[in-house]
Amino acid sequence: MKIKHNIENLIVGFDLETLDKSKDIIYALSKKLNIIYFNPSWLKFAIENGADLDAIKKYTIDTPISKAIPNIFRKFYLEKFKESLATGKVWRFDYECSSAETFRTFNQITYPLKNGEGLIVVNRIRVEMPMSKTNRISKKALENSYLHDTGFINQCSNCRCVQSISDPEVWDWVPDWVKDMHPKTSHTICPVCYDYYWKYYKIKFSPSGF
Ligand SMILES: [Zn+2]
């Protein structure tokens, strides 16, 4: 109860009850970017997607969010969260979070708290449909096509496509390895994801008009 009481004092501009009831996947971060709250939908989604309770317990209250973000995207997310905190501006961001069978995209909306004490991060589902209904070409999990001389399969940590051997510029969707990771997987980042999330992530959106 003590933790909840403190959170209610911190979260200014939202009712905790609203966040608790929401079907959106929501968590809150303190000014130091530590997790200070997550809602029941967040917990439900984590469990439905294979996270076990022991893993979830690791992300209990006051864990830095940086620990929950893969290495490759840490800088991107932390800078964006800090910018939202510093400017008081809402940060909107779309991302894909598909499984082998389901194509899914989310809209993430980061709201700075009115007292400047932290952020509310809302993940709202935008699109959810069977992968078979999309035009994404699925490739078979063949080591001959994807196991490199290094002895590893290179899988992008973001889009989860794997790099072809015959043409290293080609990254294919291989659902079997999304479902069950190949034991010799090297987590890397494909060139397109690299440009957006790493190389040019600091360039601000500035529409050029018509
Ligand atoms: Zn990628």
# chains A, B, ... in the order shown; residues from 1 in each chain; ligands from 1

$ residues_near_ligand --ligand "ligand 1" --cutoff "8 Å" --atoms "only C-alpha atoms and all ligand atoms" --output "JSON list (two decimals) with N, CA and C atoms, in the first residue's frame"
[["chain", "number", "residue", "atom", "x", "y", "z"],
["A", 156, "CYS", "N", 18.23, -9.65, -36.82],
["A", 156, "CYS", "CA", 18.05, -8.26, -36.39],
["A", 156, "CYS", "C", 17.22, -8.24, -35.10],
["A", 157, "SER", "N", 17.73, -7.54, -34.09],
["A", 157, "SER", "CA", 17.02, -7.48, -32.81],
["A", 157, "SER", "C", 15.72, -6.71, -32.91],
["A", 158, "ASN", "N", 15.60, -5.87, -33.92],
["A", 158, "ASN", "CA", 14.39, -5.07, -34.04],
["A", 158, "ASN", "C", 13.34, -5.76, -34.91],
["A", 159, "CYS", "N", 13.63, -5.94, -36.21],
["A", 159, "CYS", "CA", 12.61, -6.49, -37.10],
["A", 159, "CYS", "C", 12.63, -8.02, -37.11],
["A", 160, "ARG", "N", 13.64, -8.60, -36.53],
["A", 160, "ARG", "CA", 13.80, -10.04, -36.34],
["A", 160, "ARG", "C", 14.01, -10.81, -37.64],
["A", 161, "CYS", "N", 14.36, -10.11, -38.71],
["A", 161, "CYS", "CA", 14.70, -10.80, -39.96],
["A", 161, "CYS", "C", 16.13, -11.32, -39.86],
["A", 171, "TRP", "N", 17.61, -9.44, -46.02],
["A", 171, "TRP", "CA", 17.23, -9.89, -44.68],
["A", 171, "TRP", "C", 15.83, -10.48, -44.77],
["A", 189, "ILE", "N", 21.81, -5.94, -35.89],
["A", 189, "ILE", "CA", 20.80, -5.00, -36.37],
["A", 189, "ILE", "C", 20.95, -4.87, -37.89],
["A", 190, "CYS", "N", 19.84, -4.91, -38.61],
["A", 190, "CYS", "CA", 19.92, -4.83, -40.07],
["A", 190, "CYS", "C", 20.18, -3.37, -40.47],
["A", 191, "PRO", "N", 20.66, -3.11, -41.68],
["A", 191, "PRO", "CA", 21.06, -1.74, -42.05],
["A", 191, "PRO", "C", 19.94, -0.70, -41.93],
["A", 192, "VAL", "N", 18.71, -1.08, -42.28],
["A", 192, "VAL", "CA", 17.62, -0.10, -42.24],
["A", 192, "VAL", "C", 17.30, 0.26, -40.79],
["A", 193, "CYS", "N", 17.19, -0.77, -39.94],
["A", 193, "CYS", "CA", 16.93, -0.51, -38.51],
["A", 193, "CYS", "C", 18.09, 0.30, -37.90],
["A", 194, "TYR", "N", 19.30, -0.03, -38.34],
["A", 194, "TYR", "CA", 20.49, 0.68, -37.82],
["A", 194, "TYR", "C", 20.41, 2.17, -38.13]]

$ residues_around --residues "region 203-206 of chain A" --least-positions-apart "3" --cutoff "12 Å" --atoms "only C-alpha atoms" --output "list of chain:residue names"
A:Phe76, A:Glu79, A:Lys80, A:Glu83, A:Trp91, A:Arg92, A:Phe93, A:Asp195, A:Tyr196, A:Tyr197, A:Trp198, A:Lys199, A:Tyr200, A:Gly209

$ select_by_dssp --residues "region 75-134 of chain A" --states "strand (DSSP E)" --output "PyMOL selection string"
chain A and resi 91-96+102-112+118-130

$ write_last_selection --atoms "N, CA, C and O atoms" --output "short mmCIF file (atom, residue, chain, number, x, y, z; two decimals), in the first residue's frame"
data_model
loop_
_atom_site.label_atom_id
_atom_site.label_comp_id
_atom_site.auth_asym_id
_atom_site.auth_seq_id
_atom_site.Cartn_x
_atom_site.Cartn_y
_atom_site.Cartn_z
N TRP A 91 5.78 12.25 -26.83
CA TRP A 91 6.54 11.57 -27.89
C TRP A 91 5.72 10.39 -28.42
O TRP A 91 5.33 9.51 -27.66
N ARG A 92 5.41 10.41 -29.72
CA ARG A 92 4.64 9.33 -30.34
C ARG A 92 5.56 8.52 -31.24
O ARG A 92 6.37 9.09 -31.97
N PHE A 93 5.35 7.21 -31.20
CA PHE A 93 6.28 6.34 -31.91
C PHE A 93 5.58 5.02 -32.24
O PHE A 93 4.93 4.42 -31.38
N ASP A 94 5.68 4.61 -33.51
CA ASP A 94 5.09 3.33 -33.93
C ASP A 94 6.17 2.26 -34.02
O ASP A 94 7.27 2.54 -34.49
N TYR A 95 5.83 1.07 -33.61
CA TYR A 95 6.81 -0.02 -33.75
C TYR A 95 6.09 -1.35 -33.96
O TYR A 95 4.91 -1.49 -33.64
N GLU A 96 6.83 -2.28 -34.53
CA GLU A 96 6.27 -3.61 -34.78
C GLU A 96 6.70 -4.56 -33.67
O GLU A 96 7.83 -4.50 -33.18
N THR A 102 1.49 -13.91 -35.73
CA THR A 102 0.67 -12.70 -35.67
C THR A 102 1.47 -11.45 -36.00
O THR A 102 2.50 -11.19 -35.38
N PHE A 103 0.96 -10.70 -36.97
CA PHE A 103 1.56 -9.40 -37.29
C PHE A 103 0.92 -8.38 -36.35
O PHE A 103 -0.30 -8.29 -36.23
N ARG A 104 1.76 -7.60 -35.67
CA ARG A 104 1.24 -6.68 -34.67
C ARG A 104 2.05 -5.40 -34.68
O ARG A 104 3.27 -5.44 -34.67
N THR A 105 1.35 -4.27 -34.72
CA THR A 105 2.09 -3.01 -34.53
C THR A 105 1.45 -2.24 -33.37
O THR A 105 0.25 -2.34 -33.12
N PHE A 106 2.28 -1.49 -32.71
CA PHE A 106 1.84 -0.68 -31.58
C PHE A 106 2.13 0.79 -31.84
O PHE A 106 3.09 1.12 -32.54
N ASN A 107 1.29 1.63 -31.26
CA ASN A 107 1.57 3.05 -31.19
C ASN A 107 1.95 3.34 -29.74
O ASN A 107 1.16 3.07 -28.84
N GLN A 108 3.16 3.81 -29.55
CA GLN A 108 3.61 4.15 -28.19
C GLN A 108 3.50 5.65 -27.98
O GLN A 108 4.02 6.43 -28.78
N ILE A 109 2.79 6.03 -26.93
CA ILE A 109 2.63 7.46 -26.63
C ILE A 109 3.24 7.71 -25.25
O ILE A 109 2.83 7.09 -24.27
N THR A 110 4.22 8.60 -25.22
CA THR A 110 4.89 8.91 -23.96
C THR A 110 4.43 10.28 -23.48
O THR A 110 4.66 11.29 -24.15
N TYR A 111 3.75 10.28 -22.32
CA TYR A 111 3.22 11.53 -21.77
C TYR A 111 4.09 11.99 -20.59
O TYR A 111 4.22 11.25 -19.61
N PRO A 112 4.65 13.20 -20.67
CA PRO A 112 5.36 13.70 -19.49
C PRO A 112 4.34 14.05 -18.39
O PRO A 112 3.29 14.61 -18.70
N GLY A 118 8.12 12.54 -14.08
CA GLY A 118 8.28 11.26 -14.78
C GLY A 118 7.44 11.19 -16.03
O GLY A 118 6.98 12.22 -16.56
N LEU A 119 7.27 9.96 -16.51
CA LEU A 119 6.58 9.73 -17.79
C LEU A 119 5.56 8.60 -17.65
O LEU A 119 5.78 7.65 -16.89
N ILE A 120 4.48 8.71 -18.42
CA ILE A 120 3.53 7.60 -18.57
C ILE A 120 3.70 7.09 -20.00
O ILE A 120 3.59 7.87 -20.94
N VAL A 121 4.00 5.81 -20.14
CA VAL A 121 4.23 5.25 -21.47
C VAL A 121 3.08 4.30 -21.81
O VAL A 121 2.89 3.28 -21.14
N VAL A 122 2.31 4.69 -22.83
CA VAL A 122 1.12 3.93 -23.23
C VAL A 122 1.41 3.22 -24.55
O VAL A 122 1.83 3.86 -25.51
N ASN A 123 1.21 1.92 -24.58
CA ASN A 123 1.40 1.15 -25.80
C ASN A 123 0.04 0.65 -26.27
O ASN A 123 -0.56 -0.21 -25.63
N ARG A 124 -0.42 1.23 -27.37
CA ARG A 124 -1.77 0.92 -27.86
C ARG A 124 -1.65 0.12 -29.15
O ARG A 124 -0.93 0.52 -30.07
N ILE A 125 -2.37 -0.97 -29.18
CA ILE A 125 -2.29 -1.80 -30.39
C ILE A 125 -2.95 -1.10 -31.56
O ILE A 125 -4.01 -0.50 -31.41
N ARG A 126 -2.27 -1.10 -32.71
CA ARG A 126 -2.82 -0.44 -33.91
C ARG A 126 -3.34 -1.48 -34.89
O ARG A 126 -4.41 -1.35 -35.44
N VAL A 127 -2.50 -2.48 -35.14
CA VAL A 127 -2.85 -3.51 -36.12
C VAL A 127 -2.53 -4.86 -35.52
O VAL A 127 -1.47 -5.03 -34.93
N GLU A 128 -3.48 -5.78 -35.65
CA GLU A 128 -3.21 -7.16 -35.24
C GLU A 128 -3.90 -8.07 -36.23
O GLU A 128 -5.13 -7.99 -36.39
N MET A 129 -3.15 -8.88 -36.94
CA MET A 129 -3.77 -9.79 -37.91
C MET A 129 -2.85 -11.00 -38.12
O MET A 129 -1.65 -10.93 -37.84
N PRO A 130 -3.46 -12.10 -38.60
CA PRO A 130 -2.62 -13.28 -38.84
C PRO A 130 -1.53 -12.95 -39.86
O PRO A 130 -1.80 -12.25 -40.84
#

$ closest_residue --among "A:Ser41, A:Asp52, A:Lys31, A:Thr60" --to "Lys82 (chain A)" --atoms "only C-alpha atoms"
A:Lys31

$ closest_residue --among "A:Ser30, A:Ser22, A:Gln163, A:Thr63" --to "Lys44 (chain A)" --atoms "only C-alpha atoms"
A:Ser22

$ closest_residue --among "A:Ser138, A:Asn9, A:Thr185, A:Ser66" --to "Glu117 (chain A)" --atoms "only C-alpha atoms"
A:Asn9

$ select_by_dssp --residues "region 114-162 of chain A" --states "alpha helix (DSSP H)" --output "VMD selection string"
chain A and resid 143 to 146

$ atom_distance --atom1 "CA of Ala55 (chain A)" --atom2 "CA of Phe81 (chain A)"
23.7 Å

$ closest_residue --among "A:Lys32, A:Lys21, A:Lys133, A:Lys140" --to "Gly116 (chain A)" --atoms "only C-alpha atoms"
A:Lys32

$ closest_residue --among "A:Leu53, A:Ser164, A:Ser132, A:Lys202" --to "Asn144 (chain A)" --atoms "only C-alpha atoms"
A:Ser164

$ atom_distance --atom1 "CA of Phe14 (chain A)" --atom2 "CA of Ala28 (chain A)"
10.9 Å

$ atom_distance --atom1 "CA of Phe45 (chain A)" --atom2 "CA of Ile7 (chain A)"
22.1 Å

$ residues_around --residues "Val178 (chain A)" --least-positions-apart "4" --cutoff "7 Å" --atoms "only C-alpha atoms" --output "list in words"
Ser99, Ala100, Arg160 and Val174 of chain A

$ residues_around --residues "Asn34 (chain A)" --least-positions-apart "4" --cutoff "8 Å" --atoms "only C-alpha atoms" --output "short mmCIF file (atom, residue, chain, number, x, y, z; two decimals) with all heavy atoms, in the first residue's frame"
data_model
loop_
_atom_site.label_atom_id
_atom_site.label_comp_id
_atom_site.auth_asym_id
_atom_site.auth_seq_id
_atom_site.Cartn_x
_atom_site.Cartn_y
_atom_site.Cartn_z
N LEU A 29 7.42 5.80 -15.60
CA LEU A 29 8.84 5.94 -15.27
C LEU A 29 9.04 7.17 -14.40
O LEU A 29 8.38 8.19 -14.61
CB LEU A 29 9.67 6.10 -16.55
CG LEU A 29 9.60 4.97 -17.57
CD1 LEU A 29 10.38 5.34 -18.83
CD2 LEU A 29 10.15 3.67 -16.98
N SER A 30 9.97 7.05 -13.46
CA SER A 30 10.32 8.21 -12.64
C SER A 30 11.23 9.14 -13.45
O SER A 30 11.63 8.80 -14.58
CB SER A 30 11.07 7.73 -11.39
OG SER A 30 12.32 7.21 -11.79
N ILE A 61 9.23 -2.79 -9.31
CA ILE A 61 9.29 -1.35 -9.11
C ILE A 61 10.72 -0.90 -8.77
O ILE A 61 11.40 -1.54 -7.98
CB ILE A 61 8.30 -0.98 -7.99
CG1 ILE A 61 6.90 -1.48 -8.32
CG2 ILE A 61 8.30 0.51 -7.69
CD1 ILE A 61 6.34 -1.11 -9.67
N ASP A 62 11.10 0.20 -9.40
CA ASP A 62 12.39 0.87 -9.21
C ASP A 62 13.54 0.30 -10.01
O ASP A 62 14.68 0.71 -9.84
CB ASP A 62 12.77 0.98 -7.73
CG ASP A 62 12.51 2.40 -7.25
OD1 ASP A 62 12.28 3.26 -8.12
OD2 ASP A 62 12.53 2.64 -6.03
N THR A 63 13.25 -0.64 -10.93
CA THR A 63 14.28 -1.12 -11.85
C THR A 63 14.47 -0.06 -12.94
O THR A 63 13.49 0.45 -13.48
CB THR A 63 13.82 -2.42 -12.54
OG1 THR A 63 13.54 -3.36 -11.53
CG2 THR A 63 14.87 -2.97 -13.49
N PRO A 64 15.72 0.26 -13.28
CA PRO A 64 15.91 1.21 -14.40
C PRO A 64 15.35 0.61 -15.69
O PRO A 64 15.58 -0.56 -15.97
CB PRO A 64 17.44 1.35 -14.50
CG PRO A 64 17.96 0.87 -13.19
CD PRO A 64 16.98 -0.15 -12.68
N ILE A 65 14.64 1.42 -16.45
CA ILE A 65 14.04 0.93 -17.71
C ILE A 65 15.15 0.48 -18.67
O ILE A 65 14.93 -0.41 -19.51
CB ILE A 65 13.12 2.01 -18.36
CG1 ILE A 65 12.34 1.44 -19.55
CG2 ILE A 65 13.88 3.25 -18.80
CD1 ILE A 65 11.32 0.41 -19.25
#

$ residues_around --residues "Leu147 (chain A)" --least-positions-apart "4" --cutoff "10 Å" --atoms "only C-alpha atoms" --output "list in words"
Ala141, Leu142, Glu143, Gly151, Phe152, Ile153, Asn154, Val162, Gln163, Ser164, Ile165, His182, Lys184 and Thr185 of chain A

$ closest_residue --among "A:Ala46, A:Lys179, A:Glu8, A:Asn135" --to "Ile26 (chain A)" --atoms "only C-alpha atoms"
A:Ala46

$ decode --residues "region 178-203 of chain A" --atoms "N, CA, C and O atoms" --output "mmCIF file, in the first residue's frame"
data_model
loop_
_atom_site.group_PDB
_atom_site.id
_atom_site.type_symbol
_atom_site.label_atom_id
_atom_site.label_comp_id
_atom_site.auth_asym_id
_atom_site.auth_seq_id
_atom_site.Cartn_x
_atom_site.Cartn_y
_atom_site.Cartn_z
ATOM 1 N N VAL A 178 11.647 -17.024 -35.382
ATOM 2 C CA VAL A 178 11.028 -16.007 -34.518
ATOM 3 C C VAL A 178 10.386 -16.746 -33.345
ATOM 4 O O VAL A 178 10.468 -16.329 -32.190
ATOM 5 N N LYS A 179 9.772 -17.889 -33.699
ATOM 6 C CA LYS A 179 9.101 -18.703 -32.671
ATOM 7 C C LYS A 179 10.131 -19.340 -31.730
ATOM 8 O O LYS A 179 10.062 -19.178 -30.524
ATOM 9 N N ASP A 180 11.086 -20.049 -32.306
ATOM 10 C CA ASP A 180 12.147 -20.702 -31.521
ATOM 11 C C ASP A 180 13.490 -20.270 -32.085
ATOM 12 O O ASP A 180 13.833 -20.658 -33.197
ATOM 13 N N MET A 181 14.187 -19.506 -31.309
ATOM 14 C CA MET A 181 15.475 -18.984 -31.772
ATOM 15 C C MET A 181 16.433 -20.123 -32.093
ATOM 16 O O MET A 181 16.508 -21.095 -31.333
ATOM 17 N N HIS A 182 17.152 -20.005 -33.204
ATOM 18 C CA HIS A 182 18.188 -20.982 -33.528
ATOM 19 C C HIS A 182 19.255 -20.909 -32.428
ATOM 20 O O HIS A 182 19.607 -19.812 -31.982
ATOM 21 N N PRO A 183 19.777 -22.068 -31.976
ATOM 22 C CA PRO A 183 20.731 -22.020 -30.849
ATOM 23 C C PRO A 183 21.990 -21.199 -31.150
ATOM 24 O O PRO A 183 22.629 -20.675 -30.235
ATOM 25 N N LYS A 184 22.318 -21.080 -32.434
ATOM 26 C CA LYS A 184 23.510 -20.285 -32.789
ATOM 27 C C LYS A 184 23.060 -18.970 -33.425
ATOM 28 O O LYS A 184 23.241 -18.759 -34.624
ATOM 29 N N THR A 185 22.434 -18.132 -32.642
ATOM 30 C CA THR A 185 21.947 -16.854 -33.166
ATOM 31 C C THR A 185 22.803 -15.716 -32.636
ATOM 32 O O THR A 185 23.054 -15.630 -31.430
ATOM 33 N N SER A 186 23.233 -14.865 -33.552
ATOM 34 C CA SER A 186 23.923 -13.654 -33.148
ATOM 35 C C SER A 186 22.933 -12.499 -33.314
ATOM 36 O O SER A 186 22.416 -12.275 -34.411
ATOM 37 N N HIS A 187 22.642 -11.784 -32.215
ATOM 38 C CA HIS A 187 21.697 -10.675 -32.312
ATOM 39 C C HIS A 187 22.409 -9.421 -32.770
ATOM 40 O O HIS A 187 23.343 -8.953 -32.141
ATOM 41 N N THR A 188 21.942 -8.923 -33.889
ATOM 42 C CA THR A 188 22.590 -7.766 -34.482
ATOM 43 C C THR A 188 21.499 -6.789 -34.924
ATOM 44 O O THR A 188 20.402 -6.810 -34.365
ATOM 45 N N ILE A 189 21.810 -5.945 -35.892
ATOM 46 C CA ILE A 189 20.799 -5.003 -36.370
ATOM 47 C C ILE A 189 20.952 -4.873 -37.888
ATOM 48 O O ILE A 189 22.077 -4.788 -38.391
ATOM 49 N N CYS A 190 19.841 -4.906 -38.614
ATOM 50 C CA CYS A 190 19.919 -4.825 -40.073
ATOM 51 C C CYS A 190 20.182 -3.365 -40.473
ATOM 52 O O CYS A 190 19.963 -2.462 -39.665
ATOM 53 N N PRO A 191 20.660 -3.112 -41.676
ATOM 54 C CA PRO A 191 21.062 -1.741 -42.048
ATOM 55 C C PRO A 191 19.945 -0.702 -41.935
ATOM 56 O O PRO A 191 20.181 0.424 -41.522
ATOM 57 N N VAL A 192 18.711 -1.078 -42.284
ATOM 58 C CA VAL A 192 17.615 -0.099 -42.236
ATOM 59 C C VAL A 192 17.300 0.258 -40.786
ATOM 60 O O VAL A 192 17.167 1.434 -40.425
ATOM 61 N N CYS A 193 17.192 -0.767 -39.936
ATOM 62 C CA CYS A 193 16.932 -0.505 -38.509
ATOM 63 C C CYS A 193 18.088 0.296 -37.903
ATOM 64 O O CYS A 193 17.881 1.185 -37.082
ATOM 65 N N TYR A 194 19.304 -0.027 -38.336
ATOM 66 C CA TYR A 194 20.486 0.680 -37.821
ATOM 67 C C TYR A 194 20.408 2.171 -38.128
ATOM 68 O O TYR A 194 20.629 3.011 -37.251
ATOM 69 N N ASP A 195 20.082 2.492 -39.363
ATOM 70 C CA ASP A 195 20.008 3.907 -39.741
ATOM 71 C C ASP A 195 18.980 4.649 -38.894
ATOM 72 O O ASP A 195 19.236 5.737 -38.390
ATOM 73 N N TYR A 196 17.810 4.038 -38.731
ATOM 74 C CA TYR A 196 16.732 4.743 -38.037
ATOM 75 C C TYR A 196 16.959 4.837 -36.523
ATOM 76 O O TYR A 196 16.750 5.885 -35.926
ATOM 77 N N TYR A 197 17.380 3.740 -35.926
ATOM 78 C CA TYR A 197 17.450 3.689 -34.459
ATOM 79 C C TYR A 197 18.802 4.059 -33.884
ATOM 80 O O TYR A 197 18.950 4.211 -32.680
ATOM 81 N N TRP A 198 19.793 4.166 -34.736
ATOM 82 C CA TRP A 198 21.130 4.344 -34.202
ATOM 83 C C TRP A 198 21.843 5.510 -34.866
ATOM 84 O O TRP A 198 22.166 6.502 -34.238
ATOM 85 N N LYS A 199 22.013 5.386 -36.177
ATOM 86 C CA LYS A 199 22.851 6.342 -36.891
ATOM 87 C C LYS A 199 22.233 7.739 -36.954
ATOM 88 O O LYS A 199 22.909 8.729 -36.727
ATOM 89 N N TYR A 200 20.953 7.800 -37.272
ATOM 90 C CA TYR A 200 20.321 9.110 -37.479
ATOM 91 C C TYR A 200 19.193 9.386 -36.484
ATOM 92 O O TYR A 200 18.315 10.192 -36.753
ATOM 93 N N TYR A 201 19.234 8.713 -35.341
ATOM 94 C CA TYR A 201 18.091 8.835 -34.427
ATOM 95 C C TYR A 201 17.925 10.229 -33.857
ATOM 96 O O TYR A 201 16.855 10.590 -33.392
ATOM 97 N N LYS A 202 18.981 11.036 -33.918
ATOM 98 C CA LYS A 202 18.900 12.376 -33.310
ATOM 99 C C LYS A 202 18.284 13.425 -34.241
ATOM 100 O O LYS A 202 17.989 14.523 -33.828
ATOM 101 N N ILE A 203 18.150 13.061 -35.523
ATOM 102 C CA ILE A 203 17.576 14.039 -36.450
ATOM 103 C C ILE A 203 16.093 14.241 -36.109
ATOM 104 O O ILE A 203 15.339 13.269 -36.006
#
